[in-house]
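This is structure_18.txt (compact mmCIF, C-alpha atoms).
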```
# COMPACT_ATOMS: atom_id res chain seq x y z
CA MET O 1 92.50 154.51 78.51
CA ILE O 2 95.67 153.42 80.30
CA ARG O 3 93.70 153.43 83.54
CA TRP O 4 91.15 150.94 82.23
CA LEU O 5 93.89 148.77 80.79
CA LEU O 6 95.59 148.66 84.19
CA LEU O 7 92.28 147.85 85.86
CA PHE O 8 91.76 145.07 83.36
CA LEU O 9 95.21 143.64 84.02
CA GLY O 10 94.65 143.88 87.76
CA GLY O 11 91.32 142.12 87.37
CA ALA O 12 92.88 139.38 85.27
CA LEU O 13 95.59 138.86 87.89
CA LEU O 14 92.94 138.62 90.59
CA GLY O 15 91.09 136.20 88.30
CA GLY O 16 94.13 133.94 88.30
CA ILE O 17 94.00 133.83 92.08
CA VAL O 18 90.25 133.12 91.96
CA HIS O 19 90.92 130.29 89.52
CA LEU O 20 93.59 128.61 91.62
CA THR O 21 91.55 129.02 94.80
CA THR O 22 88.41 127.49 93.32
CA VAL O 23 90.37 124.54 91.90
CA ILE O 24 91.99 123.82 95.26
CA ILE O 25 88.80 124.32 97.28
CA MET O 26 86.62 122.23 94.94
CA PRO O 27 87.28 118.76 96.47
CA ARG O 28 86.58 120.06 99.98
CA THR O 29 83.23 121.61 99.12
CA ALA O 30 81.88 119.15 96.54
CA THR O 31 78.57 117.57 97.55
CA GLN O 32 78.13 115.34 94.51
CA ASP O 33 81.52 113.63 94.56
CA ALA O 34 81.73 109.86 94.89
CA TYR O 35 82.37 109.86 98.65
CA SER O 36 79.37 112.11 99.39
CA ARG O 37 77.13 110.03 97.13
CA LEU O 38 78.19 106.79 98.80
CA ALA O 39 78.01 108.29 102.30
CA ARG O 40 74.24 108.52 101.82
CA ILE O 41 73.83 104.80 101.14
CA ALA O 42 76.76 103.16 102.93
CA PRO O 43 76.85 102.93 106.77
CA VAL O 44 80.20 103.24 108.51
CA ASN O 45 82.53 100.25 109.06
CA THR O 46 80.46 97.67 107.23
CA VAL O 47 80.42 96.33 103.68
CA THR O 48 77.58 97.61 101.49
CA ALA O 49 77.00 95.98 98.11
CA LEU O 50 76.37 98.52 95.35
CA PRO O 51 73.63 97.94 92.77
CA LEU O 52 74.83 97.29 89.21
CA PRO O 53 74.80 100.45 87.11
CA THR O 54 71.94 100.71 84.61
CA PRO O 55 71.06 103.50 82.17
CA GLU O 56 68.34 104.64 84.58
CA SER O 57 70.33 104.73 87.77
CA ALA O 58 73.82 104.21 89.08
CA PRO O 59 75.41 104.96 92.46
CA MET O 60 78.16 106.88 90.66
CA PRO O 61 78.89 107.93 87.08
CA PHE O 62 81.43 106.02 84.97
CA MET O 63 81.04 102.70 86.80
CA ASP O 64 82.38 99.66 84.97
CA SER O 65 79.28 97.56 84.23
CA ALA O 66 81.35 94.35 84.07
CA PHE O 67 82.12 94.52 87.80
CA ALA O 68 80.19 93.61 90.90
CA SER O 69 81.16 96.12 93.56
CA ALA O 70 80.79 96.92 97.20
CA VAL O 71 82.13 99.65 99.45
CA CYS O 72 83.16 99.93 103.06
CA ARG O 73 83.13 103.48 104.36
CA TYR O 74 85.47 103.48 107.30
CA ASP O 75 86.18 105.48 110.39
CA LEU O 76 89.35 104.51 112.26
CA SER O 77 88.81 106.75 115.29
CA GLN O 78 87.74 103.73 117.41
CA GLY O 79 90.66 101.54 116.28
CA PRO O 80 91.98 99.63 113.27
CA LEU O 81 89.80 97.78 110.80
CA LYS O 82 90.15 94.23 109.54
CA LEU O 83 89.18 93.57 105.95
CA THR O 84 88.63 90.13 104.41
CA VAL O 85 87.60 89.67 100.80
CA PRO O 86 87.17 86.24 99.22
CA VAL O 87 88.72 86.07 95.77
CA SER O 88 86.43 85.38 92.82
CA LEU O 89 87.38 83.19 89.85
CA ALA O 90 88.28 86.05 87.52
CA TYR O 91 89.70 89.21 89.01
CA THR O 92 89.16 90.83 92.37
CA SER O 93 90.59 94.12 93.57
CA VAL O 94 90.43 96.26 96.66
CA SER O 95 91.15 100.01 96.37
CA PHE O 96 91.47 102.56 99.16
CA TYR O 97 90.39 106.20 98.91
CA THR O 98 90.54 109.26 101.13
CA PRO O 99 87.30 111.21 101.76
CA TYR O 100 88.36 113.41 98.82
CA ASP O 101 88.28 110.42 96.44
CA VAL O 102 92.06 110.19 96.10
CA ALA O 103 93.21 106.58 95.69
CA TYR O 104 96.14 105.84 97.98
CA TYR O 105 96.46 102.07 97.76
CA ALA O 106 95.15 99.13 95.77
CA ILE O 107 95.74 95.42 95.80
CA ASN O 108 94.40 92.67 93.55
CA ASP O 109 93.94 88.94 94.00
CA ARG O 110 97.21 88.06 92.27
CA ALA O 111 99.27 90.45 94.39
CA ALA O 112 97.62 89.02 97.49
CA GLY O 113 98.49 85.54 96.22
CA ARG O 114 95.82 83.69 98.20
CA ARG O 115 92.23 82.64 98.00
CA ILE O 116 91.32 85.45 100.31
CA ILE O 117 92.55 89.04 100.52
CA GLU O 118 93.10 89.75 104.18
CA LEU O 119 94.48 92.98 105.55
CA GLU O 120 94.40 95.42 108.38
CA LEU O 121 93.75 99.11 107.91
CA MET O 122 95.06 101.60 110.45
CA THR O 123 96.42 105.09 110.77
CA ALA O 124 100.16 105.66 111.02
CA GLU O 125 99.73 106.40 114.71
CA GLN O 126 97.90 103.13 115.37
CA HIS O 127 100.59 101.30 113.40
CA ASN O 128 103.29 102.79 115.59
CA GLN O 129 101.45 101.67 118.70
CA LEU O 130 101.49 98.03 117.62
CA PRO O 131 103.70 95.93 119.90
CA GLU O 132 106.92 95.43 118.02
CA ASP O 133 107.31 91.67 118.37
CA GLU O 134 103.83 91.16 117.02
CA ASP O 135 104.69 93.25 114.02
CA ILE O 136 107.74 91.16 113.23
CA THR O 137 106.42 87.66 113.90
CA ALA O 138 103.38 88.16 111.76
CA ALA O 139 105.33 88.62 108.56
CA ASP O 140 102.40 87.61 106.43
CA ARG O 141 100.15 90.19 108.02
CA LEU O 142 99.33 92.85 105.47
CA ILE O 143 98.98 96.25 107.09
CA VAL O 144 97.75 99.25 105.13
CA GLU O 145 98.24 102.73 106.57
CA SER O 146 95.44 105.17 105.94
CA PRO O 147 96.57 108.80 105.57
CA THR O 148 93.18 109.93 106.88
CA LEU O 149 90.95 108.88 109.77
CA THR O 150 87.98 108.25 107.47
CA GLY O 151 87.79 107.04 103.90
CA LEU O 152 86.42 104.51 101.52
CA ILE O 153 87.35 100.97 100.48
CA ALA O 154 86.06 99.83 97.09
CA ILE O 155 85.83 96.06 96.61
CA ARG O 156 85.29 94.89 93.06
CA ALA O 157 85.02 91.53 91.28
CA LEU O 158 84.98 91.11 87.52
CA ALA O 159 82.32 89.10 85.70
CA PRO O 160 84.15 88.19 82.45
CA ASP O 161 80.78 87.65 80.82
CA PRO O 162 77.29 88.65 82.02
CA GLY O 163 76.43 85.04 82.95
CA LEU O 164 79.14 85.11 85.61
CA MET O 165 77.78 88.20 87.35
CA PRO O 166 75.94 86.22 90.07
CA MET O 167 79.21 84.45 90.88
CA ALA O 168 81.06 87.78 91.14
CA GLN O 169 78.30 89.23 93.33
CA GLY O 170 78.38 86.11 95.47
CA SER O 171 82.07 86.41 96.18
CA ILE O 172 81.70 90.13 96.99
CA ALA O 173 78.87 89.27 99.39
CA GLY O 174 81.41 87.36 101.50
CA ALA O 175 83.54 90.45 102.10
CA ARG O 176 83.78 91.79 105.64
CA CYS O 177 85.22 94.92 107.18
CA GLU O 178 85.13 94.98 110.93
CA GLN O 179 86.35 97.15 113.73
CA GLN O 180 89.02 95.40 115.79
CA GLY O 181 89.09 97.64 118.80
CA GLU O 182 92.36 98.86 120.25
CA PRO O 183 95.19 96.50 119.32
CA LYS O 184 96.19 94.58 122.45
CA PRO O 185 99.21 92.33 122.82
CA SER O 186 97.86 88.81 122.71
CA ARG O 187 99.62 85.92 124.43
CA MET I 188 82.70 157.48 91.69
CA ARG I 189 85.47 156.72 89.25
CA LEU I 190 87.20 154.63 91.86
CA LEU I 191 84.05 152.63 92.55
CA LEU I 192 83.40 152.07 88.87
CA GLY I 193 87.00 151.04 88.33
CA SER I 194 86.99 148.58 91.21
CA LEU I 195 83.74 147.02 90.05
CA PHE I 196 85.18 146.63 86.57
CA ALA I 197 88.33 144.95 87.91
CA LEU I 198 86.29 142.62 90.12
CA ALA I 199 84.01 141.67 87.25
CA VAL I 200 87.05 140.84 85.10
CA ALA I 201 88.45 138.76 87.98
CA ALA I 202 85.23 136.79 88.37
CA VAL I 203 84.87 136.09 84.65
CA VAL I 204 88.52 135.14 84.16
CA GLY I 205 88.80 133.09 87.36
CA LEU I 206 85.56 131.12 87.21
CA GLY I 207 85.76 130.78 83.43
CA ALA I 208 89.24 129.29 83.62
CA THR I 209 88.13 126.89 86.37
CA TYR I 210 85.11 125.77 84.37
CA LEU I 211 87.15 125.23 81.22
CA ALA I 212 89.89 123.38 83.09
CA LEU I 213 87.44 120.99 84.71
CA THR I 214 85.33 120.27 81.65
CA ARG I 215 88.18 119.92 79.16
CA GLY I 216 90.48 117.86 81.37
CA ALA I 217 93.46 120.03 82.21
CA ALA I 218 95.17 117.63 84.62
CA PHE I 219 98.89 117.12 84.05
CA GLY I 220 100.58 113.90 83.03
CA ALA I 221 98.20 112.85 80.24
CA LEU I 222 99.22 109.72 78.34
CA SER I 223 97.81 109.94 74.80
CA ILE I 224 97.99 107.05 72.34
CA GLY I 225 96.01 107.60 69.14
CA SER I 226 92.52 108.73 70.11
CA TRP I 227 92.94 107.40 73.62
CA THR I 228 93.99 109.43 76.65
CA ALA I 229 94.70 108.29 80.19
CA TRP I 230 95.77 110.12 83.33
CA PRO I 231 97.56 107.38 85.27
CA LYS I 232 98.59 109.78 88.08
CA THR I 233 94.92 110.50 88.78
CA GLY I 234 94.69 107.11 90.49
CA THR I 235 97.47 107.89 92.97
CA VAL I 236 98.17 110.23 95.86
CA GLU I 237 100.28 112.24 93.43
CA ALA I 238 97.13 113.45 91.66
CA ASP I 239 97.53 117.18 90.97
CA PRO I 240 94.95 119.78 92.11
CA TYR I 241 93.32 119.84 88.68
CA ALA I 242 92.85 116.08 88.69
CA ARG I 243 91.46 116.18 92.24
CA ALA I 244 89.00 118.95 91.35
CA GLU I 245 87.91 117.12 88.21
CA ILE I 246 87.36 113.87 90.13
CA SER I 247 85.15 115.53 92.73
CA ARG I 248 83.21 117.46 90.09
CA SER I 249 82.52 114.36 87.99
CA GLY I 250 81.47 112.25 90.98
CA ARG I 251 83.35 109.17 89.85
CA LEU I 252 85.78 107.06 91.81
CA PRO I 253 89.05 106.96 89.83
CA ILE I 254 90.70 103.59 89.20
CA ALA I 255 93.66 103.24 91.55
CA LEU I 256 96.89 102.76 89.62
CA GLY I 257 97.55 99.49 91.44
CA ASP I 258 94.23 98.23 90.13
CA GLY I 259 94.34 99.36 86.52
CA VAL I 260 94.39 102.25 84.13
CA SER I 261 91.53 103.80 82.18
CA PHE I 262 91.75 105.29 78.68
CA THR I 263 89.03 107.55 77.29
CA ALA I 264 88.22 108.42 73.67
CA GLN I 265 85.80 111.22 72.79
CA ALA I 266 86.77 111.45 69.12
CA ASP I 267 87.96 109.16 66.33
CA ASP I 268 91.48 109.09 64.88
CA ASN I 269 90.66 112.01 62.58
CA GLY I 270 89.50 114.15 65.47
CA LYS I 271 85.81 113.81 64.62
CA LEU I 272 83.69 113.66 67.79
CA LEU I 273 82.10 110.26 68.34
CA ASP I 274 78.51 110.34 67.09
CA GLY I 275 76.04 107.63 68.14
CA ARG I 276 74.24 107.85 64.80
CA CYS I 277 77.36 106.80 62.87
CA ASP I 278 79.07 103.43 62.52
CA VAL I 279 82.40 103.55 64.30
CA ILE I 280 84.91 100.70 64.06
CA LEU I 281 87.45 99.89 66.74
CA SER I 282 90.13 97.58 65.46
CA GLY I 283 93.54 96.33 66.41
CA VAL I 284 95.11 94.91 69.52
CA THR I 285 95.44 96.03 73.11
CA PRO I 286 98.44 96.24 75.42
CA ALA I 287 99.13 93.35 77.75
CA ALA I 288 96.76 93.19 80.69
CA ARG I 289 95.13 90.41 82.60
CA TYR I 290 91.69 91.70 81.65
CA TRP I 291 90.31 94.71 79.88
CA THR I 292 86.81 96.12 79.55
CA LEU I 293 85.30 98.54 77.05
CA SER I 294 82.35 100.70 78.12
CA LEU I 295 80.22 103.33 76.43
CA TYR I 296 78.84 106.31 78.35
CA ASN I 297 76.94 109.45 77.49
CA MET I 298 78.54 112.78 78.38
CA ASN I 299 77.21 112.53 81.96
CA GLY I 300 78.92 109.19 82.55
CA GLU I 301 75.68 107.20 82.40
CA LEU I 302 75.27 103.95 80.50
CA VAL I 303 73.21 104.26 77.32
CA ALA I 304 69.94 102.34 77.08
CA ASN I 305 69.67 99.95 74.12
CA SER I 306 67.52 97.08 72.91
CA VAL I 307 69.97 94.31 73.83
CA SER I 308 71.10 95.71 77.21
CA ARG I 309 74.75 95.62 76.18
CA TYR I 310 76.80 98.37 77.78
CA GLY I 311 80.27 97.12 77.01
CA PHE I 312 82.60 94.21 76.40
CA THR I 313 85.21 92.40 78.42
CA SER I 314 88.36 90.92 76.92
CA GLN I 315 86.91 87.42 77.32
CA GLU I 316 83.67 88.10 75.48
CA ILE I 317 85.23 89.46 72.33
CA VAL I 318 85.31 87.43 69.10
CA ARG I 319 88.86 87.62 67.74
CA ASN I 320 90.62 87.00 64.47
CA ALA I 321 93.17 84.19 64.17
CA ASP I 322 96.05 86.60 64.91
CA GLY I 323 94.43 87.82 68.11
CA SER I 324 93.32 91.17 66.75
CA PHE I 325 89.66 92.16 66.96
CA GLU I 326 87.11 94.50 65.50
CA ILE I 327 84.25 96.06 67.43
CA ALA I 328 81.41 97.82 65.62
CA VAL I 329 80.04 100.72 67.64
CA GLY I 330 76.82 102.00 66.12
CA PRO I 331 73.06 102.33 66.31
CA ARG I 332 72.20 99.31 64.10
CA ALA I 333 72.65 95.63 64.89
CA ASN I 334 75.86 94.22 63.47
CA SER I 335 77.22 90.72 63.23
CA GLY I 336 80.28 90.05 65.34
CA ASN I 337 81.16 92.36 68.20
CA TRP I 338 78.45 95.00 68.27
CA LEU I 339 78.38 97.75 70.89
CA PRO I 340 75.07 99.63 70.54
CA THR I 341 75.04 103.42 70.87
CA GLY I 342 71.27 103.77 71.24
CA GLY I 343 71.51 106.58 68.67
CA VAL I 344 72.70 109.20 71.17
CA GLU I 345 74.35 112.23 69.65
CA ARG I 346 77.59 112.18 71.57
CA TYR I 347 79.28 109.53 73.66
CA GLY I 348 82.63 108.54 75.06
CA LEU I 349 84.38 105.19 75.09
CA VAL I 350 86.34 104.04 78.12
CA LEU I 351 88.87 101.23 77.78
CA ARG I 352 90.05 99.97 81.17
CA PHE I 353 93.03 97.69 81.63
CA TYR I 354 93.27 95.71 84.84
CA ASP I 355 96.45 94.30 86.35
CA THR I 356 98.71 95.87 83.74
CA ALA I 357 102.05 97.63 83.49
CA VAL I 358 100.61 100.32 81.22
CA GLY I 359 100.89 103.69 82.91
CA VAL I 360 102.89 102.24 85.80
CA SER I 361 106.28 101.94 84.14
CA THR I 362 107.39 104.68 81.79
CA ARG I 363 108.72 102.02 79.42
CA ALA I 364 105.20 100.85 78.66
CA GLY I 365 104.29 104.37 77.61
CA ARG I 366 103.59 105.65 74.18
CA GLU I 367 104.75 102.53 72.33
CA VAL I 368 101.87 100.34 73.53
CA PRO I 369 99.40 99.33 70.82
CA MET I 370 95.87 100.66 71.15
CA PRO I 371 92.92 99.92 68.87
CA SER I 372 92.28 102.45 66.11
CA VAL I 373 88.98 104.34 66.11
CA SER I 374 87.49 105.21 62.73
CA THR I 375 84.09 106.49 61.63
CA ARG I 376 82.90 104.42 58.65
CA SER I 377 79.55 105.84 57.69
CA CYS I 378 77.27 108.57 58.90
CA PRO I 379 73.62 108.95 57.92
```

What is this structure when it is put down as structure tokens?
Amino acid sequence: MIRWLLLFLGGALLGGIVHLTTVIIMPRTATQDAYSRLARIAPVNTVTALPLPTPESAPMPFMDSAFASAVCRYDLSQGPLKLTVPVSLAYTSVSFYTPYDVAYYAINDRAAGRRIIELELMTAEQHNQLPEDEDITAADRLIVESPTLTGLIAIRALAPDPGLMPMAQGSIAGARCEQQGEPKPSR
Amino acid sequence: MRLLLGSLFALAVAAVVGLGATYLALTRGAAFGALSIGSWTAWPKTGTVEADPYARAEISRSGRLPIALGDGVSFTAQADDNGKLLDGRCDVILSGVTPAARYWTLSLYNMNGELVANSVSRYGFTSQEIVRNADGSFEIAVGPRANSGNWLPTGGVERYGLVLRFYDTAVGVSTRAGREVPMPSVSTRSCP
């Protein structure tokens, strides 16, 4: 009797380890997470507009149907990326995710404070390689450091009512994400 | 023989306990740092790099892209204020006010996170579409039958969840704007 009880306790302890391991491994093995779903439809280093979610089909679950959205799946191995997003009339935001769908940065039109959200995305290493004077003189340059070499940028514009959806989609259509090549000192 | 039998028993217990706990944690929402106000629950940390392993696993299992905290915060309700699960065949009333945000949106999803088909193709509301009372409060009727005023159709599905997203807001960012913020009440009025 005692023997079986001990075996049960041992099994339960092992179960705890199994539980923690599966939870930690899950994001690395998931094939139906948002990044994997979008990787199938979004080419690298270019902006892809996402279709509006409908009851029949949606690129991802739990999408906000009031937003027009686009994604840029990026790969920084060839150099930094430049992102420009025109601001729509209502609300525009740009969010950055790692390949495991963890959001590490977001900015909206009001925080950007201009008619256009303009920023440069690079790894910490690429940031360090920037010539120093260039970094200082361009005080209004917004530089975002990506913790990973690849990832996802989600660009979204709100349509406050359904009639404004074409306007929101139009402003998203003007978004660009482009490879810059290795940063070189200009001048 | 006894050793083999014993080991198999222990391994079976380990598999059941381990995988069962993982399944329960990911379907019931076991991430830390939940912010609950009335029927509404948000996990503001889920939209940051500080997301804990449970939140990360739940995100990748669900397949959604979480709202980044710098963008907004999303509150979910699966049940009304009395703890009754939301039923698409009943008339549910949302009423009250919302915390300060530049915009908010309300959406209705089935349990898989899909929008629910309905005759008027309305899947949610934004803060600008809503018809309000003179004092700024509002009432939204969530139900299967057409309703005057703000009507969010359920398409008669058995179970659904409501997601209230606040954009450009301090809710969830500062601890001050925590549990004291006003959220709309959720009450089931009538069930067939």

Report as CSV the residues of chain I within 6 Å of chain O, each with its shortest atom pair and distance in Å (one decimal), using only C-alpha atoms, ordered by chain and increasing residue number.
```
residue,atom,partner,partner_atom,distance
I:Ala197,CA,O:Gly11,CA,4.2
I:Leu198,CA,O:Gly11,CA,5.8
I:Val200,CA,O:Gly11,CA,5.0
I:Ala201,CA,O:Gly15,CA,3.7
I:Ala202,CA,O:Gly15,CA,5.9
I:Val204,CA,O:Gly15,CA,5.0
I:Gly205,CA,O:Gly15,CA,4.0
I:Leu206,CA,O:His19,CA,5.9
I:Thr209,CA,O:His19,CA,5.4
I:Gly234,CA,O:Ala103,CA,5.4
I:Thr235,CA,O:Ala103,CA,5.2
I:Val236,CA,O:Tyr104,CA,5.3
I:Pro240,CA,O:Ile24,CA,5.9
I:Ala244,CA,O:Pro27,CA,5.4
I:Ser247,CA,O:Asp33,CA,4.5
I:Gly250,CA,O:Asp33,CA,3.8
I:Arg251,CA,O:Ala34,CA,5.3
I:Leu252,CA,O:Ala34,CA,5.8
I:Ala255,CA,O:Ala103,CA,5.3
I:Gly257,CA,O:Ala106,CA,5.0
I:Asp258,CA,O:Ala106,CA,5.8
I:Gly300,CA,O:Pro61,CA,4.7
I:Glu301,CA,O:Pro61,CA,5.7
I:Leu302,CA,O:Pro55,CA,4.6
I:Val303,CA,O:Pro55,CA,5.4
I:Ala304,CA,O:Pro55,CA,5.3
I:Thr313,CA,O:Pro160,CA,5.9
I:Gln315,CA,O:Pro160,CA,5.9
```

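Remark: for Pro80 of chain O, the closest of the candidate residues O:Met122, O:Ala173, O:Ala157, O:Thr46 is O:Met122 (distances computed over all atoms listed in the file).
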
Practice task
Could you give me, as a ChimeraX atom specification, the residues within 7 Å of segment 266-270 of chain I, counting all atoms listed in the file and dropping anything in the same chain fewer than 5 positions from it?
Solution key: /I:225-226,372-375

Practice task
Please return, as a PyMOL selection string, all polymer residues that have at least one atom within 12 Å of the point (77.7, 98.2, 71.3); use all atoms listed in the file and the file's own coordinate frame.
Solution key: chain I and resi 275+278-281+293-296+302-313+317+326-343+347+349

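Between atom CA of Glu145 of chain O and atom CA of Cys177 of chain O the separation is 15.2 Å.
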
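Between atom CA of Ala287 of chain I and atom CA of Val144 of chain O the interatomic distance comes to 28.0 Å.
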
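Here atom CA of Ile246 of chain I stands at a distance of 24.9 Å from atom CA of Asp274 of chain I.
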
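Nearest residue to Arg243 of chain I, choosing from I:Leu272, I:Ala229, I:Leu213, I:Ala321 and counting all atoms listed in the file: I:Leu213.
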
Handout entry: His127 of chain O surroundings by all atoms listed in the file, 10 Å radius, close-in-sequence under 2 positions cut, as a PyMOL selection string
Key = chain O and resi 80+120-125+129-132+135+143-146+183

Could the centre and edge lengths of an axis-aligned box, enclosing all atoms of segment 86-103 of chain O in the file with 5 Å extra on each side, be given in Å to one decimal as AutoDock Vina command-line options?
```
--center_x 89.8 --center_y 98.3 --center_z 94.6 --size_x 16.8 --size_y 40.2 --size_z 24.2
```

Practice task
Name the closest residue to Val260 of chain I among the candidates I:Thr356, I:Ser282, I:Ser377, I:Ser314; distances are taken between atoms, counting all atoms listed in the file.
Solution key: I:Thr356

Please produce segment 57-73 of chain O, completed to N, CA and C atoms, as a compact mmCIF listing (two decimals), keeping the file's coordinate frame.
```txt
# COMPACT_ATOMS: atom_id res chain seq x y z
N SER O 57 69.76 104.29 86.51
CA SER O 57 70.33 104.73 87.77
C SER O 57 71.66 104.04 88.03
N ALA O 58 72.52 104.75 88.70
CA ALA O 58 73.82 104.21 89.08
C ALA O 58 74.27 104.97 90.32
N PRO O 59 74.94 104.27 91.25
CA PRO O 59 75.41 104.96 92.46
C PRO O 59 76.39 106.09 92.14
N MET O 60 77.18 105.88 91.06
CA MET O 60 78.16 106.88 90.66
C MET O 60 78.23 106.88 89.14
N PRO O 61 78.67 107.97 88.53
CA PRO O 61 78.89 107.93 87.08
C PRO O 61 80.14 107.13 86.74
N PHE O 62 80.25 106.73 85.50
CA PHE O 62 81.43 106.02 84.97
C PHE O 62 81.77 104.76 85.74
N MET O 63 80.75 104.00 86.18
CA MET O 63 81.04 102.70 86.80
C MET O 63 81.23 101.67 85.70
N ASP O 64 82.14 100.73 85.93
CA ASP O 64 82.38 99.66 84.97
C ASP O 64 81.28 98.61 85.14
N SER O 65 80.45 98.43 84.10
CA SER O 65 79.28 97.56 84.23
C SER O 65 79.66 96.08 84.28
N ALA O 66 80.93 95.75 84.03
CA ALA O 66 81.35 94.35 84.07
C ALA O 66 81.74 93.92 85.49
N PHE O 67 81.68 94.83 86.44
CA PHE O 67 82.12 94.52 87.80
C PHE O 67 80.97 94.50 88.79
N ALA O 68 81.03 93.55 89.71
CA ALA O 68 80.19 93.61 90.90
C ALA O 68 81.01 94.39 91.93
N SER O 69 80.37 95.32 92.64
CA SER O 69 81.16 96.12 93.56
C SER O 69 80.46 96.35 94.88
N ALA O 70 81.28 96.61 95.87
CA ALA O 70 80.79 96.92 97.20
C ALA O 70 81.74 97.94 97.81
N VAL O 71 81.26 98.68 98.80
CA VAL O 71 82.13 99.65 99.45
C VAL O 71 82.06 99.47 100.96
N CYS O 72 83.14 99.85 101.60
CA CYS O 72 83.16 99.93 103.06
C CYS O 72 83.64 101.33 103.38
N ARG O 73 82.74 102.13 103.96
CA ARG O 73 83.13 103.48 104.36
C ARG O 73 83.65 103.35 105.78
```
